[in-house]
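Enquirer: The structure file final30.txt (compact mmCIF, C-alpha atoms) is provided below.
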```
# COMPACT_ATOMS: atom_id res chain seq x y z
CA MET A 1 159.49 -35.78 -189.74
CA SER A 2 158.66 -38.32 -192.43
CA ARG A 3 155.49 -40.34 -192.64
CA ASP A 4 157.60 -43.47 -192.40
CA LEU A 5 159.18 -42.35 -189.12
CA ARG A 6 155.76 -41.51 -187.65
CA ALA A 7 154.55 -44.97 -188.67
CA ARG A 8 157.57 -46.60 -187.03
CA LEU A 9 157.01 -44.63 -183.83
CA ILE A 10 153.39 -45.79 -183.77
CA ASP A 11 154.40 -49.40 -184.41
CA ALA A 12 157.05 -49.36 -181.69
CA ALA A 13 154.72 -47.78 -179.12
CA VAL A 14 151.93 -50.22 -179.91
CA ALA A 15 154.28 -53.22 -179.86
CA THR A 16 155.78 -52.41 -176.47
CA ILE A 17 152.42 -51.70 -174.81
CA VAL A 18 150.72 -54.78 -176.28
CA GLY A 19 153.79 -56.90 -175.53
CA HIS A 20 153.89 -55.80 -171.89
CA ALA A 21 150.16 -55.56 -171.23
CA ASP A 22 150.19 -58.53 -168.87
CA GLU A 23 153.12 -57.10 -166.91
CA LEU A 24 151.37 -53.72 -166.58
CA THR A 25 148.21 -55.42 -165.38
CA ALA A 26 150.16 -57.46 -162.84
CA LEU A 27 151.84 -54.31 -161.49
CA ASP A 28 148.46 -52.58 -161.30
CA ARG A 29 146.86 -55.55 -159.58
CA ALA A 30 149.37 -55.11 -156.74
CA ILE A 31 148.54 -51.47 -155.99
CA GLY A 32 145.62 -50.41 -158.19
CA ASP A 33 142.62 -52.00 -159.80
CA GLY A 34 144.47 -54.29 -162.17
CA ASP A 35 143.34 -52.82 -165.45
CA HIS A 36 146.29 -50.72 -166.60
CA GLY A 37 147.56 -53.26 -169.12
CA LEU A 38 144.12 -53.97 -170.52
CA ASN A 39 143.28 -50.28 -170.76
CA MET A 40 146.57 -49.31 -172.38
CA ARG A 41 146.36 -52.23 -174.81
CA ARG A 42 142.85 -51.20 -175.85
CA GLY A 43 143.99 -47.61 -176.41
CA PHE A 44 147.12 -48.50 -178.35
CA GLU A 45 145.32 -51.11 -180.43
CA ALA A 46 142.91 -48.32 -181.39
CA ILE A 47 145.93 -46.23 -182.41
CA ALA A 48 147.21 -49.20 -184.44
CA ALA A 49 143.84 -49.44 -186.17
CA ALA A 50 144.12 -45.76 -187.14
CA ARG A 51 147.83 -46.09 -188.06
CA GLU A 52 147.56 -45.00 -191.69
CA THR A 53 145.47 -41.92 -190.93
CA ILE A 54 147.63 -40.85 -187.99
CA ALA A 55 150.94 -41.45 -189.76
CA ALA A 56 149.75 -39.50 -192.80
CA ALA A 57 149.08 -36.37 -190.73
CA PRO A 58 151.73 -33.75 -189.89
CA LEU A 59 153.45 -34.45 -186.55
CA GLY A 60 151.35 -32.04 -184.46
CA GLU A 61 148.09 -33.32 -185.88
CA ALA A 62 149.25 -36.94 -185.60
CA LEU A 63 150.02 -36.47 -181.90
CA HIS A 64 146.62 -34.84 -181.38
CA GLN A 65 144.84 -37.71 -183.12
CA ALA A 66 146.76 -40.34 -181.16
CA GLY A 67 146.02 -38.50 -177.90
CA MET A 68 142.33 -38.18 -178.68
CA THR A 69 142.20 -41.90 -179.53
CA LEU A 70 143.60 -42.72 -176.08
CA VAL A 71 141.14 -40.34 -174.38
CA MET A 72 138.21 -42.01 -176.11
CA LYS A 73 139.28 -45.66 -175.93
CA VAL A 74 141.26 -46.33 -172.75
CA GLY A 75 138.48 -46.16 -170.17
CA GLY A 76 140.71 -45.46 -167.18
CA ALA A 77 142.56 -42.42 -165.86
CA SER A 78 145.53 -43.29 -168.08
CA GLY A 79 143.47 -42.32 -171.15
CA PRO A 80 143.14 -38.63 -170.27
CA LEU A 81 146.66 -38.61 -168.79
CA TYR A 82 148.47 -40.02 -171.84
CA GLY A 83 145.93 -38.30 -174.07
CA SER A 84 146.69 -34.91 -172.51
CA LEU A 85 150.42 -35.58 -172.86
CA LEU A 86 150.15 -36.24 -176.59
CA MET A 87 147.53 -33.56 -177.29
CA ALA A 88 149.58 -30.86 -175.55
CA MET A 89 152.68 -31.98 -177.48
CA GLY A 90 150.67 -31.87 -180.67
CA LYS A 91 149.49 -28.35 -179.92
CA ALA A 92 153.07 -27.24 -179.29
CA LEU A 93 154.16 -28.83 -182.58
CA ALA A 94 151.47 -27.26 -184.74
CA ALA A 95 154.29 -26.15 -187.01
CA GLU A 96 156.63 -28.94 -188.14
CA PRO A 97 159.70 -28.80 -185.84
CA SER A 98 163.04 -28.10 -187.43
CA THR A 99 165.19 -28.64 -184.34
CA ALA A 100 165.35 -31.19 -181.54
CA ALA A 101 164.96 -28.34 -179.05
CA GLU A 102 161.45 -27.67 -180.37
CA VAL A 103 160.50 -31.29 -179.73
CA VAL A 104 161.91 -31.11 -176.21
CA ARG A 105 159.90 -27.93 -175.55
CA ALA A 106 156.80 -29.72 -176.80
CA LEU A 107 157.48 -32.61 -174.43
CA ALA A 108 157.77 -30.09 -171.62
CA GLU A 109 154.31 -28.78 -172.54
CA GLY A 110 153.04 -32.35 -172.54
CA VAL A 111 154.48 -33.08 -169.11
CA GLU A 112 152.87 -29.91 -167.75
CA ALA A 113 149.54 -31.09 -169.16
CA VAL A 114 149.93 -34.42 -167.34
CA LYS A 115 150.63 -32.54 -164.09
CA ARG A 116 147.50 -30.44 -164.54
CA ARG A 117 145.31 -33.37 -165.54
CA GLY A 118 146.51 -35.54 -162.66
CA LYS A 119 146.85 -32.65 -160.19
CA SER A 120 150.21 -34.21 -159.45
CA THR A 121 153.93 -33.67 -159.62
CA ALA A 122 157.08 -35.82 -159.58
CA GLY A 123 157.67 -37.83 -156.39
CA GLU A 124 154.09 -39.09 -156.00
CA LYS A 125 154.53 -42.57 -157.53
CA THR A 126 153.08 -41.82 -160.94
CA MET A 127 154.11 -41.67 -164.59
CA LEU A 128 155.58 -38.24 -163.82
CA ASP A 129 158.39 -39.96 -161.91
CA VAL A 130 159.60 -41.18 -165.30
CA LEU A 131 158.55 -38.30 -167.54
CA VAL A 132 160.02 -35.47 -165.45
CA PRO A 133 163.56 -36.95 -165.17
CA VAL A 134 163.49 -37.95 -168.85
CA LEU A 135 162.64 -34.38 -169.77
CA GLY A 136 165.51 -33.18 -167.59
CA ALA A 137 167.89 -35.61 -169.30
CA LEU A 138 167.05 -34.18 -172.72
CA ASP A 139 168.58 -30.88 -171.68
CA GLY A 140 172.19 -30.33 -172.64
CA GLU A 141 174.41 -31.61 -175.41
CA ALA A 142 173.07 -33.82 -178.18
CA GLY A 143 175.75 -36.52 -177.82
CA GLY A 144 174.45 -39.47 -175.82
CA VAL A 145 171.08 -37.85 -175.27
CA LEU A 146 169.12 -41.05 -175.99
CA ASP A 147 171.20 -43.05 -173.51
CA ARG A 148 170.72 -40.32 -170.91
CA ALA A 149 166.98 -40.38 -171.49
CA ARG A 150 166.76 -44.17 -171.16
CA ALA A 151 168.89 -44.16 -168.03
CA ALA A 152 166.79 -41.40 -166.46
CA SER A 153 163.66 -43.36 -167.29
CA GLU A 154 164.97 -46.52 -165.64
CA ARG A 155 166.13 -44.65 -162.53
CA GLY A 156 162.81 -42.85 -162.28
CA LEU A 157 160.88 -46.08 -162.62
CA ALA A 158 163.02 -47.88 -160.04
CA ALA A 159 162.58 -45.00 -157.59
CA THR A 160 158.79 -45.41 -157.63
CA ARG A 161 159.25 -48.68 -155.69
CA ASP A 162 160.10 -46.81 -152.50
CA ILE A 163 157.51 -44.04 -152.81
CA LYS A 164 154.28 -44.12 -150.85
CA ALA A 165 151.43 -43.38 -153.25
CA THR A 166 149.35 -40.29 -152.60
CA LYS A 167 147.67 -40.09 -156.02
CA GLY A 168 145.29 -42.42 -157.78
CA ARG A 169 143.92 -45.73 -156.63
CA ALA A 170 147.25 -46.77 -155.09
CA SER A 171 146.87 -43.97 -152.51
CA PHE A 172 144.15 -46.04 -150.79
CA LEU A 173 146.88 -48.50 -149.86
CA GLY A 174 149.08 -45.87 -148.20
CA GLU A 175 152.17 -47.56 -146.77
CA ARG A 176 151.24 -50.83 -148.44
CA SER A 177 151.95 -49.24 -151.82
CA VAL A 178 155.63 -49.08 -150.85
CA GLY A 179 157.68 -51.90 -152.40
CA HIS A 180 155.80 -51.97 -155.70
CA LEU A 181 156.73 -50.30 -158.98
CA ASP A 182 154.13 -47.87 -160.25
CA PRO A 183 152.35 -49.28 -163.33
CA GLY A 184 151.96 -45.86 -164.95
CA ALA A 185 155.66 -45.17 -164.49
CA ARG A 186 156.38 -48.55 -166.12
CA SER A 187 154.17 -47.81 -169.14
CA SER A 188 155.89 -44.44 -169.52
CA ASP A 189 159.27 -46.17 -169.26
CA LEU A 190 158.26 -48.62 -172.00
CA LEU A 191 157.19 -45.77 -174.28
CA VAL A 192 160.37 -43.77 -173.61
CA HIS A 193 162.48 -46.79 -174.60
CA ALA A 194 160.35 -47.44 -177.70
CA VAL A 195 160.72 -43.85 -178.91
CA CYS A 196 164.46 -43.72 -178.14
CA ASP A 197 165.04 -47.02 -179.98
CA VAL A 198 163.23 -45.83 -183.12
CA ILE A 199 165.11 -42.53 -183.18
CA GLU A 200 168.44 -44.30 -182.59
CA ALA A 201 167.80 -46.77 -185.43
CA ARG A 202 167.12 -43.87 -187.76
CA SER A 203 170.31 -41.98 -187.01
CA MET B 1 109.69 -30.50 -165.84
CA LYS B 2 110.89 -27.41 -163.97
CA ASP B 3 114.08 -25.64 -164.91
CA CYS B 4 116.49 -27.24 -162.46
CA VAL B 5 120.12 -28.24 -162.29
CA SER B 6 120.50 -31.71 -163.78
CA ILE B 7 122.47 -34.58 -162.26
CA VAL B 8 124.92 -36.93 -164.00
CA ILE B 9 126.28 -39.96 -162.17
CA VAL B 10 129.54 -41.51 -163.41
CA SER B 11 130.71 -44.77 -161.88
CA HIS B 12 133.21 -47.41 -162.93
CA SER B 13 130.32 -49.86 -162.63
CA PRO B 14 127.16 -49.59 -164.75
CA ASP B 15 125.26 -51.21 -161.89
CA VAL B 16 126.47 -48.68 -159.31
CA ALA B 17 125.64 -45.80 -161.68
CA ARG B 18 122.16 -47.15 -162.34
CA GLY B 19 121.57 -47.86 -158.66
CA ALA B 20 122.63 -44.39 -157.59
CA ALA B 21 120.35 -42.86 -160.25
CA ASP B 22 117.49 -45.05 -158.99
CA MET B 23 118.04 -43.73 -155.46
CA VAL B 24 117.95 -40.16 -156.71
CA ARG B 25 114.68 -40.75 -158.55
CA GLU B 26 113.26 -42.44 -155.46
CA MET B 27 114.07 -39.30 -153.46
CA VAL B 28 113.02 -36.57 -155.86
CA GLY B 29 110.81 -38.31 -158.41
CA ASP B 30 111.02 -37.22 -162.01
CA GLU B 31 111.21 -33.51 -161.24
CA ILE B 32 114.82 -33.19 -162.35
CA ARG B 33 116.76 -34.76 -165.16
CA VAL B 34 119.17 -37.48 -164.06
CA ALA B 35 121.54 -39.38 -166.35
CA HIS B 36 124.01 -42.09 -165.45
CA CYS B 37 126.82 -43.96 -167.13
CA GLY B 38 129.35 -46.58 -166.12
CA GLY B 39 131.74 -48.99 -167.72
CA ASN B 40 134.68 -48.60 -170.09
CA PRO B 41 134.40 -48.52 -173.90
CA ALA B 42 134.80 -52.32 -173.97
CA GLY B 43 131.98 -52.94 -171.51
CA GLY B 44 134.16 -53.74 -168.49
CA LEU B 45 134.57 -51.73 -165.30
CA GLY B 46 135.83 -48.22 -166.00
CA THR B 47 134.58 -45.00 -167.50
CA ASP B 48 134.14 -43.75 -171.03
CA VAL B 49 134.61 -40.12 -172.09
CA THR B 50 132.17 -40.49 -174.98
CA ALA B 51 129.47 -41.96 -172.73
CA ILE B 52 130.03 -39.25 -170.10
CA GLN B 53 129.63 -36.56 -172.74
CA ALA B 54 126.45 -38.22 -174.00
CA ALA B 55 125.04 -38.36 -170.47
CA ILE B 56 125.79 -34.67 -169.90
CA ARG B 57 124.23 -33.69 -173.22
CA ALA B 58 121.15 -35.83 -172.54
CA VAL B 59 120.20 -33.83 -169.44
CA TYR B 60 121.87 -30.49 -170.14
CA GLY B 61 119.75 -27.42 -169.44
CA PRO B 62 120.29 -23.70 -168.87
CA LYS B 63 120.81 -24.16 -165.12
CA GLY B 64 123.67 -26.56 -165.71
CA VAL B 65 124.74 -30.03 -164.68
CA ALA B 66 126.26 -31.38 -161.46
CA VAL B 67 128.41 -34.48 -162.04
CA LEU B 68 129.01 -37.08 -159.30
CA VAL B 69 131.90 -39.52 -159.75
CA ASP B 70 133.25 -42.49 -157.81
CA LEU B 71 136.99 -43.17 -158.16
CA GLY B 72 139.98 -41.40 -159.72
CA GLY B 73 139.52 -42.46 -163.34
CA ALA B 74 135.87 -41.42 -163.27
CA GLU B 75 136.95 -37.95 -162.15
CA THR B 76 139.77 -37.67 -164.69
CA ASN B 77 137.57 -38.91 -167.53
CA SER B 78 134.73 -36.59 -166.48
CA GLU B 79 137.10 -33.61 -166.44
CA MET B 80 138.24 -34.59 -169.91
CA ALA B 81 134.66 -34.98 -171.13
CA ILE B 82 133.75 -31.53 -169.79
CA GLU B 83 136.80 -29.92 -171.42
CA LEU B 84 135.78 -31.38 -174.77
CA LEU B 85 132.28 -29.84 -174.56
CA PRO B 86 131.52 -26.61 -176.46
CA ALA B 87 132.66 -23.55 -174.48
CA ASP B 88 129.15 -22.34 -173.65
CA MET B 89 128.26 -25.68 -172.03
CA ARG B 90 131.64 -26.27 -170.42
CA SER B 91 131.33 -23.45 -167.88
CA ASN B 92 127.93 -24.79 -166.83
CA VAL B 93 128.98 -28.31 -165.85
CA VAL B 94 130.78 -29.03 -162.55
CA ILE B 95 132.14 -32.11 -160.82
CA CYS B 96 131.15 -32.33 -157.15
CA ASN B 97 133.84 -33.47 -154.74
CA ALA B 98 131.45 -35.73 -152.83
CA PRO B 99 130.64 -39.41 -152.31
CA ILE B 100 128.76 -40.62 -155.36
CA VAL B 101 125.54 -41.88 -153.76
CA GLU B 102 125.18 -39.41 -150.90
CA GLY B 103 126.39 -36.56 -153.06
CA ALA B 104 123.92 -37.37 -155.83
CA VAL B 105 120.98 -37.55 -153.43
CA MET B 106 121.97 -34.31 -151.67
CA ALA B 107 122.59 -32.51 -154.96
CA ALA B 108 119.25 -33.67 -156.33
CA ALA B 109 117.38 -32.62 -153.19
CA GLU B 110 118.90 -29.14 -153.51
CA ALA B 111 118.40 -28.98 -157.28
CA VAL B 112 114.72 -29.86 -157.10
CA GLY B 113 114.11 -26.65 -155.15
CA GLY B 114 115.47 -24.65 -158.06
CA ALA B 115 118.84 -23.77 -156.52
CA PRO B 116 121.64 -22.55 -158.80
CA LEU B 117 124.51 -24.86 -159.74
CA ALA B 118 126.96 -23.42 -157.19
CA THR B 119 124.51 -24.09 -154.35
CA VAL B 120 123.78 -27.61 -155.58
CA ARG B 121 127.49 -28.34 -155.68
CA ALA B 122 128.11 -26.85 -152.25
CA THR B 123 125.32 -28.93 -150.73
CA ALA B 124 126.72 -32.12 -152.24
CA GLU B 125 130.20 -31.26 -151.03
CA GLU B 126 129.05 -30.67 -147.47
CA PHE B 127 129.17 -34.43 -147.17
CA GLN B 128 132.95 -34.22 -147.30
CA SER B 129 134.43 -34.18 -143.84
```
Would you mind writing the file out in structure tokens?
Expert:
Amino acid sequence: MSRDLRARLIDAAVATIVGHADELTALDRAIGDGDHGLNMRRGFEAIAAARETIAAAPLGEALHQAGMTLVMKVGGASGPLYGSLLMAMGKALAAEPSTAAEVVRALAEGVEAVKRRGKSTAGEKTMLDVLVPVLGALDGEAGGVLDRARAASERGLAATRDIKATKGRASFLGERSVGHLDPGARSSDLLVHAVCDVIEARS
Amino acid sequence: MKDCVSIVIVSHSPDVARGAADMVREMVGDEIRVAHCGGNPAGGLGTDVTAIQAAIRAVYGPKGVAVLVDLGGAETNSEMAIELLPADMRSNVVICNAPIVEGAVMAAAEAVGGAPLATVRATAEEFQS
């Protein structure tokens, strides 16, 4: 992967998180503590500040650096969760990938790291309700894979509305968490779209 | 100072963290090392992996450290902070699944008697129903 593509991925991720920070905070205010947008913006602005260094590193190292930046700067649970996702992907991509399948395997490692960090699994109104179906959609033939991933992300996000939260702050609300989208699932959905859009524009 | 398990208190709120640490010191005096931290890297409510690591290192001793946390992010960030410690320290730092104030006071009361880390943790966690 070229330095330019890594830089564009960083820019797209930062832009979508910063651009939707208020929406993420509003979603979190409904069922959490209302800081998801602020926290994610702080973390991704720190990534933006380190853009040149991160983009200059090989993909595995770049993912590790971006993940560590989120761990250190976010200040909420989403820091270690997204940080673990990226750091586990980075570890799996220590050697530059030569096939898409290697990247998908790395994402699978990342999703497992999120499960371990959050002691959670899909179906519990979390970011995993987007990440797990997206990972599933990447299986199979290459044609239309980006559209499948985006569609899986949107379906996963929409499905969080009807789930009763049992993880994180939203679990305190129990039944009252039903009827609200999960803010972590929304931030994951935003990032999935950002990455898909950059890869699509390249090809 | 005796060789005792140390206590670290991690809250989303700097005031809660400081208050809980004050209560521990009120109970057990200065016989054990207690550190506290609260607030996100920007100074708002939240927790900060770097600050948690600093708190653990500030009171770390051979008998280990019991960490008390309040809400989800404090636990997740504390787990992350512990994982990023050197291996020899990592195995000697535990998070107690207990209410932050009661757990800290119970852990400290046990620690001051010289109990090992596993006992300190178990005593704190007895508060869980």
Enquirer: For the point (151.8, -45.0, -170.0) in the file's frame, write as a ChimeraX atom specification all residues with an atom no more than 7 Å away, counting only C-alpha atoms.
Expert: /A:78,82,127,184-188,191
Enquirer: Between A:Val192, A:Ala151, A:Leu157, A:Val114, single out the one closest to chain B, counting all atoms listed in the file.
Expert: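 Going through A:Val192, A:Ala151, A:Leu157, A:Val114 one by one, the smallest distance to chain B is for A:Val114.
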Enquirer: Distance table requested - chain A against chain B, cut-off 12 Å, all atoms listed in the file: one row per qualifying residue with the closest atom pair and its distance in Å to one decimal, ordered by chain and rising residue number, as CSV.
Expert:
```
residue,atom,partner,partner_atom,distance
A:Gly32,CA,B:Gly72,CA,10.7
A:Asp33,CA,B:Leu45,CA,9.8
A:Gly34,CA,B:Leu45,CA,10.7
A:Asp35,CA,B:Gly46,CA,8.8
A:His36,CA,B:Gly46,CA,10.8
A:Leu38,CA,B:Ala42,CA,10.1
A:Asn39,CA,B:Asn40,CA,8.8
A:Arg41,CA,B:Ala42,CA,11.6
A:Arg42,CA,B:Ala42,CA,8.3
A:Gly43,CA,B:Pro41,CA,10.0
A:Ala46,CA,B:Pro41,CA,11.3
A:Gly67,CA,B:Met80,CA,11.8
A:Met68,CA,B:Leu84,CA,10.2
A:Thr69,CA,B:Val49,CA,10.8
A:Leu70,CA,B:Val49,CA,10.2
A:Val71,CA,B:Val49,CA,6.9
A:Met72,CA,B:Val49,CA,5.7
A:Lys73,CA,B:Pro41,CA,6.0
A:Val74,CA,B:Pro41,CA,7.3
A:Gly75,CA,B:Asn40,CA,4.5
A:Gly76,CA,B:Gly73,CA,5.0
A:Ala77,CA,B:Gly73,CA,3.9
A:Ser78,CA,B:Gly73,CA,7.7
A:Gly79,CA,B:Asn77,CA,7.7
A:Pro80,CA,B:Asn77,CA,6.2
A:Leu81,CA,B:Thr76,CA,8.1
A:Tyr82,CA,B:Thr76,CA,11.5
A:Gly83,CA,B:Met80,CA,9.5
A:Ser84,CA,B:Met80,CA,8.8
A:Met87,CA,B:Met80,CA,11.9
A:Ala113,CA,B:Met80,CA,11.9
A:Val114,CA,B:Thr76,CA,11.0
A:Arg116,CA,B:Thr76,CA,10.6
A:Arg117,CA,B:Thr76,CA,7.1
A:Gly118,CA,B:Thr76,CA,7.4
A:Lys119,CA,B:Thr76,CA,9.8
A:Thr166,CA,B:Gly72,CA,11.8
A:Lys167,CA,B:Gly72,CA,8.6
A:Gly168,CA,B:Gly72,CA,5.7
A:Arg169,CA,B:Gly72,CA,6.6
A:Ala170,CA,B:Gly72,CA,10.2
A:Ser171,CA,B:Gly72,CA,10.3
A:Phe172,CA,B:Leu71,CA,10.7
```
Enquirer: Using Å and a single decimal, report how far CA of Gly103 (chain B) sits from CA of Val120 (chain B).
Expert: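 The value is 9.7 Å.
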Enquirer: Out of A:Leu138, A:Ala94, A:Leu9, A:Leu85, which residue has the shortest atom-to-atom distance to Lys115 (chain A) when counting only C-alpha atoms?
Expert: A:Leu85
Enquirer: Could you check how far CA of Leu93 (chain A) sits from CA of Ala142 (chain A), in Å to one decimal?
Expert: 20.0 Å
Enquirer: Work out how far CA of Met40 (chain A) is from CA of Ala57 (chain A), in Å to one decimal.
Expert: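 Separation of CA of Ala57 (chain A) and CA of Met40 (chain A): 22.6 Å.
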Enquirer: Excluding same-chain residues fewer than 5 positions from Arg105 (chain A), what lies within 10 Å of it counting only C-alpha atoms, as a list in words?
Expert: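 Counting only the stated atoms, we get Met89, Ala92, Leu93, Ala100, Gly110, Val111, Leu135, Leu138 and Asp139 of chain A.
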Enquirer: Select all residues near (112.5, -31.1, -151.5) (cut-off 12 Å, inclusive, file coordinates), counting only C-alpha atoms, and output them as a list in words.
Expert: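 Final list of nearby residues, as requested, is Val24, Met27, Val28, Gly29, Glu31, Ile32, Val105, Met106, Ala107, Ala108, Ala109, Glu110, Ala111, Val112, Gly113, Gly114 and Ala115 of chain B.
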Enquirer: Restrict the selected residues to C-alpha atoms and save them as a tab-separated table (two decimals), in the frame of the given file.
Expert:
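After the write, again13.tsv holds the following:
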```tsv
chain	number	residue	atom	x	y	z
B	24	VAL	CA	117.95	-40.16	-156.71
B	27	MET	CA	114.07	-39.30	-153.46
B	28	VAL	CA	113.02	-36.57	-155.86
B	29	GLY	CA	110.81	-38.31	-158.41
B	31	GLU	CA	111.21	-33.51	-161.24
B	32	ILE	CA	114.82	-33.19	-162.35
B	105	VAL	CA	120.98	-37.55	-153.43
B	106	MET	CA	121.97	-34.31	-151.67
B	107	ALA	CA	122.59	-32.51	-154.96
B	108	ALA	CA	119.25	-33.67	-156.33
B	109	ALA	CA	117.38	-32.62	-153.19
B	110	GLU	CA	118.90	-29.14	-153.51
B	111	ALA	CA	118.40	-28.98	-157.28
B	112	VAL	CA	114.72	-29.86	-157.10
B	113	GLY	CA	114.11	-26.65	-155.15
B	114	GLY	CA	115.47	-24.65	-158.06
B	115	ALA	CA	118.84	-23.77	-156.52
```
Enquirer: Nearest to Ala118 (chain B): which of B:Ala20, B:Ile9, B:Ile82, B:Val65 is it, counting all atoms listed in the file?
Expert: B:Val65
Enquirer: Which residue is closest to Val16 (chain B)? Choose from B:Lys63, B:His36, B:Cys4, B:Ile95 and count all atoms listed in the file.
Expert: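 Under the stated criterion, the closest residue is B:His36.
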Enquirer: Would you fill out region 66-81 of chain B with N, CA, C and O atoms and return it as a PDB file, in the frame of the given file?
Expert:
```pdb
ATOM      1  N   ALA B  66     125.344 -30.963-162.527  1.00  0.00           N
ATOM      2  CA  ALA B  66     126.260 -31.380-161.460  1.00  0.00           C
ATOM      3  C   ALA B  66     126.623 -32.847-161.710  1.00  0.00           C
ATOM      4  O   ALA B  66     125.749 -33.685-161.894  1.00  0.00           O
ATOM      5  N   VAL B  67     127.933 -33.131-161.749  1.00  0.00           N
ATOM      6  CA  VAL B  67     128.410 -34.480-162.040  1.00  0.00           C
ATOM      7  C   VAL B  67     128.966 -35.098-160.757  1.00  0.00           C
ATOM      8  O   VAL B  67     129.763 -34.481-160.050  1.00  0.00           O
ATOM      9  N   LEU B  68     128.517 -36.327-160.459  1.00  0.00           N
ATOM     10  CA  LEU B  68     129.010 -37.080-159.300  1.00  0.00           C
ATOM     11  C   LEU B  68     129.825 -38.262-159.815  1.00  0.00           C
ATOM     12  O   LEU B  68     129.367 -38.968-160.714  1.00  0.00           O
ATOM     13  N   VAL B  69     131.009 -38.469-159.253  1.00  0.00           N
ATOM     14  CA  VAL B  69     131.900 -39.520-159.750  1.00  0.00           C
ATOM     15  C   VAL B  69     132.316 -40.428-158.594  1.00  0.00           C
ATOM     16  O   VAL B  69     132.225 -40.040-157.426  1.00  0.00           O
ATOM     17  N   ASP B  70     132.787 -41.637-158.917  1.00  0.00           N
ATOM     18  CA  ASP B  70     133.250 -42.490-157.810  1.00  0.00           C
ATOM     19  C   ASP B  70     134.772 -42.385-157.629  1.00  0.00           C
ATOM     20  O   ASP B  70     135.226 -41.602-156.815  1.00  0.00           O
ATOM     21  N   LEU B  71     135.554 -43.129-158.412  1.00  0.00           N
ATOM     22  CA  LEU B  71     136.990 -43.170-158.160  1.00  0.00           C
ATOM     23  C   LEU B  71     137.775 -42.383-159.194  1.00  0.00           C
ATOM     24  O   LEU B  71     137.227 -41.958-160.203  1.00  0.00           O
ATOM     25  N   GLY B  72     139.096 -42.251-158.931  1.00  0.00           N
ATOM     26  CA  GLY B  72     139.980 -41.400-159.720  1.00  0.00           C
ATOM     27  C   GLY B  72     139.735 -41.318-161.215  1.00  0.00           C
ATOM     28  O   GLY B  72     139.607 -40.234-161.769  1.00  0.00           O
ATOM     29  N   GLY B  73     139.673 -42.479-161.879  1.00  0.00           N
ATOM     30  CA  GLY B  73     139.520 -42.460-163.340  1.00  0.00           C
ATOM     31  C   GLY B  73     138.205 -41.840-163.761  1.00  0.00           C
ATOM     32  O   GLY B  73     138.127 -41.205-164.812  1.00  0.00           O
ATOM     33  N   ALA B  74     137.176 -42.018-162.941  1.00  0.00           N
ATOM     34  CA  ALA B  74     135.870 -41.420-163.270  1.00  0.00           C
ATOM     35  C   ALA B  74     135.982 -39.898-163.216  1.00  0.00           C
ATOM     36  O   ALA B  74     135.399 -39.195-164.040  1.00  0.00           O
ATOM     37  N   GLU B  75     136.753 -39.402-162.253  1.00  0.00           N
ATOM     38  CA  GLU B  75     136.950 -37.950-162.150  1.00  0.00           C
ATOM     39  C   GLU B  75     137.771 -37.433-163.334  1.00  0.00           C
ATOM     40  O   GLU B  75     137.400 -36.465-163.999  1.00  0.00           O
ATOM     41  N   THR B  76     138.898 -38.115-163.599  1.00  0.00           N
ATOM     42  CA  THR B  76     139.770 -37.670-164.690  1.00  0.00           C
ATOM     43  C   THR B  76     139.031 -37.703-166.025  1.00  0.00           C
ATOM     44  O   THR B  76     139.116 -36.779-166.826  1.00  0.00           O
ATOM     45  N   ASN B  77     138.296 -38.793-166.262  1.00  0.00           N
ATOM     46  CA  ASN B  77     137.570 -38.910-167.530  1.00  0.00           C
ATOM     47  C   ASN B  77     136.424 -37.898-167.603  1.00  0.00           C
ATOM     48  O   ASN B  77     136.116 -37.389-168.684  1.00  0.00           O
ATOM     49  N   SER B  78     135.801 -37.595-166.465  1.00  0.00           N
ATOM     50  CA  SER B  78     134.730 -36.590-166.480  1.00  0.00           C
ATOM     51  C   SER B  78     135.294 -35.203-166.748  1.00  0.00           C
ATOM     52  O   SER B  78     134.699 -34.409-167.486  1.00  0.00           O
ATOM     53  N   GLU B  79     136.454 -34.902-166.156  1.00  0.00           N
ATOM     54  CA  GLU B  79     137.100 -33.610-166.440  1.00  0.00           C
ATOM     55  C   GLU B  79     137.420 -33.475-167.923  1.00  0.00           C
ATOM     56  O   GLU B  79     137.208 -32.440-168.536  1.00  0.00           O
ATOM     57  N   MET B  80     137.915 -34.587-168.474  1.00  0.00           N
ATOM     58  CA  MET B  80     138.240 -34.590-169.910  1.00  0.00           C
ATOM     59  C   MET B  80     136.976 -34.378-170.737  1.00  0.00           C
ATOM     60  O   MET B  80     136.971 -33.590-171.687  1.00  0.00           O
ATOM     61  N   ALA B  81     135.923 -35.081-170.377  1.00  0.00           N
ATOM     62  CA  ALA B  81     134.660 -34.980-171.130  1.00  0.00           C
ATOM     63  C   ALA B  81     134.144 -33.538-171.085  1.00  0.00           C
ATOM     64  O   ALA B  81     133.682 -33.007-172.093  1.00  0.00           O
TER      65      ALA B  81
END
```
